[in-house]
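As stored in structure.pdb (PDB, C-alpha atoms):
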```
ATOM      1  CA  MET A   1     -27.055  -9.408 -42.471
ATOM      2  CA  SER A   2     -29.434  -9.384 -39.507
ATOM      3  CA  VAL A   3     -28.051  -8.283 -36.164
ATOM      4  CA  ARG A   4     -29.253 -10.247 -33.167
ATOM      5  CA  THR A   5     -29.742  -8.123 -30.067
ATOM      6  CA  GLU A   6     -28.375  -9.860 -26.988
ATOM      7  CA  SER A   7     -30.408 -10.121 -23.827
ATOM      8  CA  SER A   8     -28.994  -7.662 -21.314
ATOM      9  CA  ALA A   9     -29.065 -10.474 -18.750
ATOM     10  CA  ALA A  10     -26.705 -12.727 -20.740
ATOM     11  CA  HIS A  11     -23.393 -13.158 -18.906
ATOM     12  CA  ARG A  12     -20.294 -13.514 -21.049
ATOM     13  CA  ALA A  13     -17.003 -15.165 -20.167
ATOM     14  CA  GLY A  14     -14.005 -16.137 -22.222
ATOM     15  CA  PHE A  15     -10.347 -15.723 -23.054
ATOM     16  CA  ALA A  16      -8.479 -12.890 -24.762
ATOM     17  CA  CYS A  17      -4.779 -12.756 -25.486
ATOM     18  CA  PHE A  18      -2.408  -9.931 -26.344
ATOM     19  CA  VAL A  19       0.207 -10.629 -28.997
ATOM     20  CA  GLY A  20       2.929  -8.512 -30.502
ATOM     21  CA  ARG A  21       6.645  -8.083 -30.822
ATOM     22  CA  PRO A  22       8.666  -8.256 -27.599
ATOM     23  CA  ASN A  23       8.260  -5.072 -25.534
ATOM     24  CA  ALA A  24       5.074  -3.968 -27.341
ATOM     25  CA  GLY A  25       3.234  -3.252 -24.074
ATOM     26  CA  LYS A  26       1.336  -6.530 -23.603
ATOM     27  CA  SER A  27       2.126  -7.040 -19.904
ATOM     28  CA  THR A  28       1.321  -3.399 -19.065
ATOM     29  CA  LEU A  29      -2.123  -3.852 -20.660
ATOM     30  CA  THR A  30      -2.766  -7.035 -18.681
ATOM     31  CA  ASN A  31      -1.779  -5.403 -15.381
ATOM     32  CA  ALA A  32      -3.921  -2.311 -16.059
ATOM     33  CA  LEU A  33      -7.041  -4.280 -16.975
ATOM     34  CA  VAL A  34      -6.786  -6.569 -13.941
ATOM     35  CA  GLY A  35      -5.863  -3.624 -11.708
ATOM     36  CA  THR A  36      -2.895  -5.284 -10.012
ATOM     37  CA  LYS A  37       0.523  -6.615 -10.918
ATOM     38  CA  VAL A  38       0.092 -10.078 -12.433
ATOM     39  CA  ALA A  39       2.449  -9.935 -15.422
ATOM     40  CA  ILE A  40       5.983  -8.656 -14.969
ATOM     41  CA  THR A  41       6.835  -5.505 -16.896
ATOM     42  CA  SER A  42      10.313  -4.493 -17.951
ATOM     43  CA  ASN A  43      11.868  -2.134 -20.450
ATOM     44  CA  ARG A  44      13.899  -5.112 -21.660
ATOM     45  CA  PRO A  45      12.303  -7.097 -24.504
ATOM     46  CA  GLN A  46      11.366 -10.757 -24.053
ATOM     47  CA  THR A  47      10.775 -10.882 -20.287
ATOM     48  CA  THR A  48       7.462 -12.788 -20.185
ATOM     49  CA  ARG A  49       8.023 -16.551 -20.202
ATOM     50  CA  HIS A  50       4.886 -17.950 -18.594
ATOM     51  CA  THR A  51       1.356 -17.727 -19.953
ATOM     52  CA  VAL A  52       0.017 -15.420 -17.229
ATOM     53  CA  ARG A  53      -3.740 -15.200 -16.974
ATOM     54  CA  GLY A  54      -5.229 -12.056 -15.515
ATOM     55  CA  ILE A  55      -8.937 -12.137 -14.673
ATOM     56  CA  VAL A  56     -11.183  -9.081 -15.085
ATOM     57  CA  HIS A  57     -14.447  -9.390 -13.129
ATOM     58  CA  ARG A  58     -17.500  -7.374 -14.208
ATOM     59  CA  PRO A  59     -21.161  -7.808 -13.211
ATOM     60  CA  GLU A  60     -22.043  -8.830 -16.780
ATOM     61  CA  ALA A  61     -18.831 -10.567 -17.848
ATOM     62  CA  GLN A  62     -15.568 -12.207 -16.937
ATOM     63  CA  LEU A  63     -12.604 -11.538 -19.198
ATOM     64  CA  VAL A  64      -9.658 -13.909 -18.775
ATOM     65  CA  LEU A  65      -6.468 -12.386 -20.193
ATOM     66  CA  VAL A  66      -3.688 -14.607 -21.436
ATOM     67  CA  ASP A  67      -0.364 -12.819 -21.733
ATOM     68  CA  THR A  68       2.079 -14.599 -24.048
ATOM     69  CA  PRO A  69       5.780 -14.161 -24.748
ATOM     70  CA  GLY A  70       6.515 -11.983 -27.800
ATOM     71  CA  LEU A  71       6.670 -13.985 -31.027
ATOM     72  CA  HIS A  72      10.194 -13.627 -32.432
ATOM     73  CA  LYS A  73      12.755 -15.331 -34.660
ATOM     74  CA  PRO A  74      14.117 -18.009 -32.316
ATOM     75  CA  ARG A  75      17.865 -18.447 -31.785
ATOM     76  CA  THR A  76      17.699 -21.058 -29.016
ATOM     77  CA  LEU A  77      15.613 -24.042 -27.948
ATOM     78  CA  LEU A  78      13.988 -21.766 -25.341
ATOM     79  CA  GLY A  79      13.052 -19.327 -28.154
ATOM     80  CA  GLU A  80      11.425 -22.131 -30.162
ATOM     81  CA  ARG A  81       9.437 -23.279 -27.128
ATOM     82  CA  LEU A  82       8.254 -19.731 -26.421
ATOM     83  CA  ASN A  83       6.976 -19.412 -30.011
ATOM     84  CA  ASP A  84       5.111 -22.737 -29.686
ATOM     85  CA  VAL A  85       3.432 -21.380 -26.531
ATOM     86  CA  VAL A  86       2.248 -18.327 -28.480
ATOM     87  CA  ARG A  87       0.744 -20.288 -31.384
ATOM     88  CA  THR A  88      -1.009 -22.776 -29.084
ATOM     89  CA  THR A  89      -2.517 -19.873 -27.133
ATOM     90  CA  TRP A  90      -3.809 -18.155 -30.283
ATOM     91  CA  SER A  91      -5.709 -21.268 -31.320
ATOM     92  CA  GLU A  92      -7.520 -21.498 -27.961
ATOM     93  CA  VAL A  93      -8.737 -17.952 -27.199
ATOM     94  CA  ASP A  94     -11.966 -16.091 -28.092
ATOM     95  CA  VAL A  95     -10.360 -12.779 -29.151
ATOM     96  CA  ILE A  96      -6.810 -11.685 -30.038
ATOM     97  CA  GLY A  97      -5.440  -8.216 -29.289
ATOM     98  CA  PHE A  98      -2.483  -7.333 -31.551
ATOM     99  CA  CYS A  99      -0.292  -4.730 -29.789
ATOM    100  CA  LEU A 100       1.608  -2.270 -31.992
ATOM    101  CA  PRO A 101       3.576   0.593 -30.372
ATOM    102  CA  ALA A 102       2.572   4.058 -31.660
ATOM    103  CA  ASP A 103       6.171   5.306 -31.589
ATOM    104  CA  GLN A 104       7.605   2.652 -33.953
ATOM    105  CA  LYS A 105       6.890   2.184 -37.653
ATOM    106  CA  ILE A 106       5.399  -1.183 -38.608
ATOM    107  CA  GLY A 107       8.423  -3.398 -39.228
ATOM    108  CA  PRO A 108       9.253  -6.923 -40.397
ATOM    109  CA  GLY A 109       8.538  -8.345 -36.916
ATOM    110  CA  ASP A 110       5.014  -6.890 -36.937
ATOM    111  CA  ARG A 111       4.397  -8.179 -40.466
ATOM    112  CA  TYR A 112       5.647 -11.639 -39.461
ATOM    113  CA  ILE A 113       3.081 -11.773 -36.612
ATOM    114  CA  ALA A 114       0.285 -10.232 -38.715
ATOM    115  CA  ALA A 115       0.866 -12.821 -41.466
ATOM    116  CA  GLU A 116       0.510 -15.602 -38.864
ATOM    117  CA  LEU A 117      -2.658 -13.953 -37.498
ATOM    118  CA  ALA A 118      -4.118 -13.790 -41.008
ATOM    119  CA  GLY A 119      -4.080 -17.615 -41.034
ATOM    120  CA  ILE A 120      -6.372 -17.739 -37.977
ATOM    121  CA  LYS A 121      -9.702 -17.072 -39.661
ATOM    122  CA  LYS A 122     -12.447 -17.433 -37.044
ATOM    123  CA  THR A 123     -11.013 -15.555 -34.050
ATOM    124  CA  PRO A 124     -11.848 -11.795 -33.912
ATOM    125  CA  LYS A 125      -8.743  -9.583 -33.936
ATOM    126  CA  VAL A 126      -8.417  -6.156 -32.311
ATOM    127  CA  ALA A 127      -5.463  -3.896 -33.165
ATOM    128  CA  ILE A 128      -4.303  -2.097 -29.997
ATOM    129  CA  VAL A 129      -2.010   0.881 -30.574
ATOM    130  CA  THR A 130       0.098   1.143 -27.402
ATOM    131  CA  LYS A 131       2.405   3.871 -26.016
ATOM    132  CA  THR A 132       0.374   6.689 -27.592
ATOM    133  CA  ASP A 133       1.729   9.063 -24.921
ATOM    134  CA  LEU A 134       5.070   8.984 -26.801
ATOM    135  CA  VAL A 135       3.751  10.526 -30.064
ATOM    136  CA  ASP A 136       1.790  13.579 -31.263
ATOM    137  CA  SER A 137      -1.655  13.367 -32.867
ATOM    138  CA  LYS A 138      -0.265  13.535 -36.439
ATOM    139  CA  ALA A 139       2.068  10.558 -35.880
ATOM    140  CA  LEU A 140      -0.739   8.629 -34.176
ATOM    141  CA  ALA A 141      -3.099   9.235 -37.121
ATOM    142  CA  ALA A 142      -0.398   7.982 -39.521
ATOM    143  CA  GLN A 143       0.053   4.815 -37.437
ATOM    144  CA  LEU A 144      -3.710   4.137 -37.350
ATOM    145  CA  ILE A 145      -3.842   4.422 -41.157
ATOM    146  CA  ALA A 146      -0.784   2.136 -41.502
ATOM    147  CA  ILE A 147      -2.401  -0.526 -39.295
ATOM    148  CA  ASP A 148      -5.657  -0.352 -41.262
ATOM    149  CA  GLN A 149      -3.611  -0.741 -44.476
ATOM    150  CA  LEU A 150      -1.670  -3.705 -43.035
ATOM    151  CA  GLY A 151      -4.984  -5.488 -42.354
ATOM    152  CA  LYS A 152      -6.171  -4.865 -45.921
ATOM    153  CA  GLU A 153      -2.897  -6.156 -47.427
ATOM    154  CA  LEU A 154      -3.042  -9.422 -45.466
ATOM    155  CA  GLY A 155      -6.805  -9.962 -45.498
ATOM    156  CA  ILE A 156      -7.290  -9.270 -41.774
ATOM    157  CA  GLU A 157     -10.540  -7.528 -40.872
ATOM    158  CA  TRP A 158      -9.826  -5.706 -37.594
ATOM    159  CA  ALA A 159     -12.842  -5.902 -35.277
ATOM    160  CA  GLU A 160     -11.547  -2.650 -33.717
ATOM    161  CA  ILE A 161      -8.474  -0.414 -33.838
ATOM    162  CA  ILE A 162      -8.013   1.226 -30.430
ATOM    163  CA  PRO A 163      -5.231   3.568 -29.226
ATOM    164  CA  VAL A 164      -4.146   3.346 -25.567
ATOM    165  CA  SER A 165      -1.468   5.090 -23.497
ATOM    166  CA  ALA A 166       0.730   2.850 -21.342
ATOM    167  CA  VAL A 167       1.320   5.697 -18.891
ATOM    168  CA  ALA A 168      -2.411   6.417 -18.594
ATOM    169  CA  LEU A 169      -3.052   2.697 -18.130
ATOM    170  CA  GLU A 170      -0.500   2.480 -15.320
ATOM    171  CA  GLU A 171      -2.120   5.483 -13.613
ATOM    172  CA  ALA A 172      -5.617   4.020 -13.927
ATOM    173  CA  GLY A 173      -5.800   3.009 -10.276
ATOM    174  CA  ARG A 174      -6.613  -0.245  -8.543
ATOM    175  CA  SER A 175     -10.110  -0.767  -9.991
ATOM    176  CA  PRO A 176     -10.103  -0.485 -13.790
ATOM    177  CA  SER A 177     -13.362  -2.397 -14.161
ATOM    178  CA  ASP A 178     -15.111   0.415 -12.274
ATOM    179  CA  LYS A 179     -16.207   2.778 -15.039
ATOM    180  CA  GLY A 180     -16.489   5.746 -12.711
ATOM    181  CA  GLY A 181     -13.510   7.867 -11.639
ATOM    182  CA  GLY A 182      -9.853   7.118 -12.065
ATOM    183  CA  GLY A 183      -9.154   9.748 -14.725
ATOM    184  CA  ARG A 184      -8.044   9.278 -18.314
ATOM    185  CA  GLY A 185      -6.382   5.890 -17.700
ATOM    186  CA  ALA A 186      -9.443   4.320 -16.086
ATOM    187  CA  GLY A 187     -11.532   5.514 -19.042
ATOM    188  CA  GLN A 188      -9.162   3.878 -21.520
ATOM    189  CA  VAL A 189      -9.067   0.614 -19.563
ATOM    190  CA  ALA A 190     -12.873   0.521 -19.310
ATOM    191  CA  LEU A 191     -13.215   1.274 -23.031
ATOM    192  CA  LEU A 192     -10.821  -1.527 -23.981
ATOM    193  CA  ALA A 193     -12.725  -3.992 -21.754
ATOM    194  CA  ASP A 194     -16.038  -2.697 -23.227
ATOM    195  CA  LEU A 195     -14.784  -3.563 -26.729
ATOM    196  CA  LEU A 196     -13.446  -7.011 -25.834
ATOM    197  CA  VAL A 197     -16.389  -8.272 -23.739
ATOM    198  CA  PRO A 198     -19.015  -8.467 -26.570
ATOM    199  CA  MET A 199     -16.648 -10.776 -28.501
ATOM    200  CA  LEU A 200     -16.765 -13.384 -25.712
ATOM    201  CA  PRO A 201     -19.250 -16.286 -25.762
ATOM    202  CA  GLU A 202     -22.245 -16.388 -23.418
ATOM    203  CA  SER A 203     -21.089 -18.318 -20.380
ATOM    204  CA  PRO A 204     -21.251 -18.330 -16.580
ATOM    205  CA  PRO A 205     -18.042 -17.127 -14.837
ATOM    206  CA  LEU A 206     -15.058 -19.434 -15.387
ATOM    207  CA  TYR A 207     -13.249 -18.459 -12.155
ATOM    208  CA  PRO A 208     -14.465 -17.584  -8.630
ATOM    209  CA  GLU A 209     -15.106 -13.897  -7.857
ATOM    210  CA  GLY A 210     -11.951 -12.351  -6.403
ATOM    211  CA  ASP A 211      -9.463 -14.538  -8.296
ATOM    212  CA  LEU A 212      -7.061 -12.348 -10.290
ATOM    213  CA  THR A 213      -4.873 -15.003 -11.878
ATOM    214  CA  ASP A 214      -4.608 -18.794 -12.051
ATOM    215  CA  GLU A 215      -0.811 -18.718 -11.852
ATOM    216  CA  PRO A 216       0.480 -20.630  -8.821
ATOM    217  CA  GLU A 217       1.731 -18.212  -6.174
ATOM    218  CA  GLN A 218       5.279 -19.620  -6.365
ATOM    219  CA  VAL A 219       5.457 -18.846 -10.090
ATOM    220  CA  MET A 220       4.254 -15.269  -9.508
ATOM    221  CA  VAL A 221       6.768 -14.776  -6.672
ATOM    222  CA  ALA A 222       9.564 -16.058  -8.948
ATOM    223  CA  GLU A 223       8.476 -13.616 -11.679
ATOM    224  CA  LEU A 224       8.532 -10.665  -9.253
ATOM    225  CA  ILE A 225      12.079 -11.593  -8.174
ATOM    226  CA  ARG A 226      13.161 -11.924 -11.821
ATOM    227  CA  GLU A 227      11.655  -8.533 -12.658
ATOM    228  CA  ALA A 228      13.664  -6.892  -9.863
ATOM    229  CA  ALA A 229      16.813  -8.741 -10.990
ATOM    230  CA  LEU A 230      16.349  -7.472 -14.574
ATOM    231  CA  GLU A 231      16.357  -3.793 -13.630
ATOM    232  CA  GLY A 232      19.504  -1.960 -14.654
ATOM    233  CA  VAL A 233      21.517  -4.951 -15.891
ATOM    234  CA  ARG A 234      23.406  -5.223 -19.147
ATOM    235  CA  ASP A 235      21.556  -5.864 -22.389
ATOM    236  CA  GLU A 236      22.679  -9.484 -22.751
ATOM    237  CA  LEU A 237      21.523 -10.604 -19.322
ATOM    238  CA  PRO A 238      17.661 -10.714 -19.425
ATOM    239  CA  HIS A 239      17.553 -13.932 -21.449
ATOM    240  CA  SER A 240      20.034 -15.537 -19.069
ATOM    241  CA  ILE A 241      18.079 -15.060 -15.824
ATOM    242  CA  ALA A 242      15.686 -17.665 -14.442
ATOM    243  CA  VAL A 243      14.272 -17.791 -10.901
ATOM    244  CA  VAL A 244      13.019 -20.883  -9.082
ATOM    245  CA  VAL A 245      11.271 -20.605  -5.694
ATOM    246  CA  GLU A 246      12.465 -23.678  -3.800
ATOM    247  CA  GLU A 247      10.068 -23.319  -0.853
ATOM    248  CA  MET A 248       7.559 -21.009   0.798
ATOM    249  CA  LEU A 249       6.886 -21.884   4.436
ATOM    250  CA  PRO A 250       5.212 -20.006   7.313
ATOM    251  CA  ARG A 251       7.785 -19.333  10.066
ATOM    252  CA  GLN A 252       7.121 -21.650  13.005
ATOM    253  CA  ASP A 253       6.490 -20.365  16.552
ATOM    254  CA  ARG A 254       5.182 -16.970  15.396
ATOM    255  CA  PRO A 255       2.131 -15.425  17.117
ATOM    256  CA  ALA A 256      -0.974 -15.420  14.877
ATOM    257  CA  GLU A 257      -1.023 -11.611  14.694
ATOM    258  CA  LYS A 258       2.646 -11.498  13.537
ATOM    259  CA  PRO A 259       2.972 -14.098  10.774
ATOM    260  CA  LEU A 260       6.135 -14.354   8.649
ATOM    261  CA  LEU A 261       6.551 -16.299   5.417
ATOM    262  CA  ASP A 262      10.028 -17.679   4.659
ATOM    263  CA  ILE A 263      10.744 -17.761   0.909
ATOM    264  CA  HIS A 264      13.900 -19.456  -0.369
ATOM    265  CA  ALA A 265      14.658 -18.793  -4.056
ATOM    266  CA  ASN A 266      17.521 -19.359  -6.479
ATOM    267  CA  VAL A 267      18.426 -16.911  -9.253
ATOM    268  CA  TYR A 268      20.013 -18.885 -12.110
ATOM    269  CA  ILE A 269      22.383 -17.410 -14.692
ATOM    270  CA  GLU A 270      24.258 -19.148 -17.519
ATOM    271  CA  ARG A 271      27.913 -18.246 -16.871
ATOM    272  CA  PRO A 272      30.079 -17.656 -13.778
ATOM    273  CA  SER A 273      31.058 -14.247 -15.221
ATOM    274  CA  GLN A 274      27.420 -13.103 -14.901
ATOM    275  CA  LYS A 275      27.356 -13.795 -11.159
ATOM    276  CA  GLY A 276      29.109 -10.532 -10.286
ATOM    277  CA  ILE A 277      26.595  -8.524 -12.338
ATOM    278  CA  ILE A 278      23.658  -9.882 -10.330
ATOM    279  CA  ILE A 279      25.351  -9.804  -6.913
ATOM    280  CA  GLY A 280      27.083  -6.418  -7.341
ATOM    281  CA  PRO A 281      29.981  -5.004  -5.275
ATOM    282  CA  LYS A 282      29.844  -6.454  -1.725
ATOM    283  CA  GLY A 283      26.437  -7.986  -2.506
ATOM    284  CA  LYS A 284      24.784  -4.555  -2.829
ATOM    285  CA  ARG A 285      22.846  -5.293  -6.012
ATOM    286  CA  LEU A 286      21.408  -8.612  -4.812
ATOM    287  CA  LYS A 287      20.330  -6.881  -1.590
ATOM    288  CA  GLU A 288      18.467  -4.240  -3.654
ATOM    289  CA  VAL A 289      16.827  -6.992  -5.738
ATOM    290  CA  GLY A 290      15.667  -8.650  -2.497
ATOM    291  CA  MET A 291      14.291  -5.418  -0.997
ATOM    292  CA  LYS A 292      12.451  -4.382  -4.169
ATOM    293  CA  SER A 293      10.916  -7.786  -4.912
ATOM    294  CA  ARG A 294      10.005  -8.384  -1.240
ATOM    295  CA  LYS A 295       7.826  -5.256  -1.277
ATOM    296  CA  HIS A 296       5.871  -6.524  -4.320
ATOM    297  CA  ILE A 297       5.660 -10.076  -2.923
ATOM    298  CA  GLU A 298       4.234  -8.816   0.377
ATOM    299  CA  ALA A 299       1.637  -6.764  -1.536
ATOM    300  CA  LEU A 300       0.732  -9.839  -3.625
ATOM    301  CA  LEU A 301       0.478 -12.303  -0.721
ATOM    302  CA  GLY A 302      -0.741  -9.881   1.945
ATOM    303  CA  THR A 303       1.759 -11.089   4.560
ATOM    304  CA  PRO A 304       5.244 -10.090   5.789
ATOM    305  CA  VAL A 305       8.004 -12.034   4.029
ATOM    306  CA  PHE A 306      11.599 -13.063   4.777
ATOM    307  CA  LEU A 307      13.283 -13.523   1.388
ATOM    308  CA  ASP A 308      16.426 -15.655   1.094
ATOM    309  CA  LEU A 309      18.074 -15.291  -2.358
ATOM    310  CA  HIS A 310      20.989 -17.276  -3.793
ATOM    311  CA  VAL A 311      22.645 -16.885  -7.217
ATOM    312  CA  LYS A 312      23.585 -20.110  -9.008
ATOM    313  CA  VAL A 313      25.098 -21.002 -12.386
ATOM    314  CA  ALA A 314      23.156 -23.359 -14.703
ATOM    315  CA  LYS A 315      25.533 -23.545 -17.662
ATOM    316  CA  ASP A 316      23.911 -22.617 -21.021
ATOM    317  CA  TRP A 317      20.463 -23.545 -19.653
ATOM    318  CA  GLN A 318      18.600 -21.954 -22.578
ATOM    319  CA  ARG A 319      20.026 -24.586 -24.957
ATOM    320  CA  ASP A 320      19.790 -27.619 -22.671
ATOM    321  CA  PRO A 321      16.430 -29.499 -22.686
ATOM    322  CA  LYS A 322      17.171 -31.085 -19.272
ATOM    323  CA  GLN A 323      17.960 -27.715 -17.649
ATOM    324  CA  LEU A 324      14.919 -26.084 -19.311
ATOM    325  CA  ARG A 325      12.669 -28.744 -17.740
ATOM    326  CA  LYS A 326      14.311 -28.246 -14.332
ATOM    327  CA  LEU A 327      13.738 -24.484 -14.533
ATOM    328  CA  GLY A 328      10.073 -24.929 -15.480
ATOM    329  CA  PHE A 329      10.069 -24.391 -19.254
TER     330      PHE A 329
END
```
What's the structure tokens form of this structure?
Amino acid sequence: MSVRTESSAAHRAGFACFVGRPNAGKSTLTNALVGTKVAITSNRPQTTRHTVRGIVHRPEAQLVLVDTPGLHKPRTLLGERLNDVVRTTWSEVDVIGFCLPADQKIGPGDRYIAAELAGIKKTPKVAIVTKTDLVDSKALAAQLIAIDQLGKELGIEWAEIIPVSAVALEEAGRSPSDKGGGGRGAGQVALLADLLVPMLPESPPLYPEGDLTDEPEQVMVAELIREAALEGVRDELPHSIAVVVEEMLPRQDRPAEKPLLDIHANVYIERPSQKGIIIGPKGKRLKEVGMKSRKHIEALLGTPVFLDLHVKVAKDWQRDPKQLRKLGF
């Protein structure tokens, strides 16, 4: 087979997506590569509901990252819709990164996803071993061998198998596309981008320089509020929380040097009994959610924010097509 050497001047641009079981580290990877918070991260599985695109700008390439919900056995209409989102995304990207945590043996969920990936013949697939900071070198070696074996069993030829540490990625700094500095994390981020870029087609940039995501700001603000609301709540609650930003308006009669953005948002849960969990004793928990998310929102939008949060009940919204539409799914 002859290898064609690419002109060094050829610019590449295209789409990559990270797939894997819920909580496999996909959002952390997206955030680290882009260098800012575009996908919400949580230690609760199944928190990503929107296809969040993060955009990595390099002089020679533009890598557009599509972060999908984790593919899983659906129990609700919402679950089925999330799986449809995943499969549609896979058929439209230029390279697929399959995330497998280093600290967990390959299980039925991983095999289920790998078997689906095996059916997608033309798209290059990279196995990304995440959370390597949680295991020793012997366990990591065993996992790399297991992933190689999984590919052979199912007829998947991995374009690359690359180990990354979520902690190192999070510490990589604000400019992962800069190959200099930034320590171990920056090196890992740059290496991952180096491996993905050659798999993209030759193309001019798809997005303007400086864009980090094509998500509407209101959707990103809602996700930041939902991430703060998810922290420290009971196991059954993550699936029951949805956030809708009703309006974002600049405060009138403010001097130009002291702008203030008013954001009014509703946090929806499924049952009245869940209201107390979100609000907390004397409203303490909701206040914390507001303070934490406001900090991230101000960093994202670059302006001071007044955040007005209300908790509302949308009964069994995950199973109701009408409610799902209203909440943006």
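Excluding Arg111 (chain A) itself and any same-chain residue fewer than 6 positions from it, the protein and nucleic acid residues within 12 Å of it, counting all atoms listed in the file, are A:Gly20, A:Arg21, A:Leu71, A:His72, A:Phe98, A:Leu100, A:Lys105, A:Leu117, A:Ala118, A:Ala146, A:Ile147, A:Gln149, A:Leu150, A:Gly151, A:Glu153, A:Leu154, A:Ile156.
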Record the distance separating CA of Lys26 (chain A) and CA of Gly97 (chain A), expressed in Å with one decimal. 9.0 Å
Check the smallest atom-to-atom distance from each of A:Pro163, A:Gly107, A:Gly280, A:Pro198 to Leu140 (chain A) using all atoms listed in the file, then report the winner.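 Between A:Pro163, A:Gly107, A:Gly280, A:Pro198, the residue approaching Leu140 (chain A) most closely is A:Pro163.
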Atom-to-atom span, CA of Ala102 (chain A) and CA of Val129 (chain A), Å: 5.7 Å
Between CA of Asp136 (chain A) and CA of Gln188 (chain A), what is the spacing in Å?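 Calculated distance between CA of Gln188 (chain A) and CA of Asp136 (chain A) is 17.6 Å.
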Name the residues that the PyMOL selection byres ((chain A and resi 64) around 6) picks from the file above, as a PDB file with C-alpha atoms, in the coordinates of the input, using the file's chain letters and numbers.
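The result, stored in expr.pdb:
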```pdb
ATOM      1  CA  GLY A  14     -14.005 -16.137 -22.222  1.00  0.00           C
ATOM      2  CA  PHE A  15     -10.347 -15.723 -23.054  1.00  0.00           C
ATOM      3  CA  GLY A  54      -5.229 -12.056 -15.515  1.00  0.00           C
ATOM      4  CA  ILE A  55      -8.937 -12.137 -14.673  1.00  0.00           C
ATOM      5  CA  LEU A  63     -12.604 -11.538 -19.198  1.00  0.00           C
ATOM      6  CA  LEU A  65      -6.468 -12.386 -20.193  1.00  0.00           C
TER       7      LEU A  65
END
```
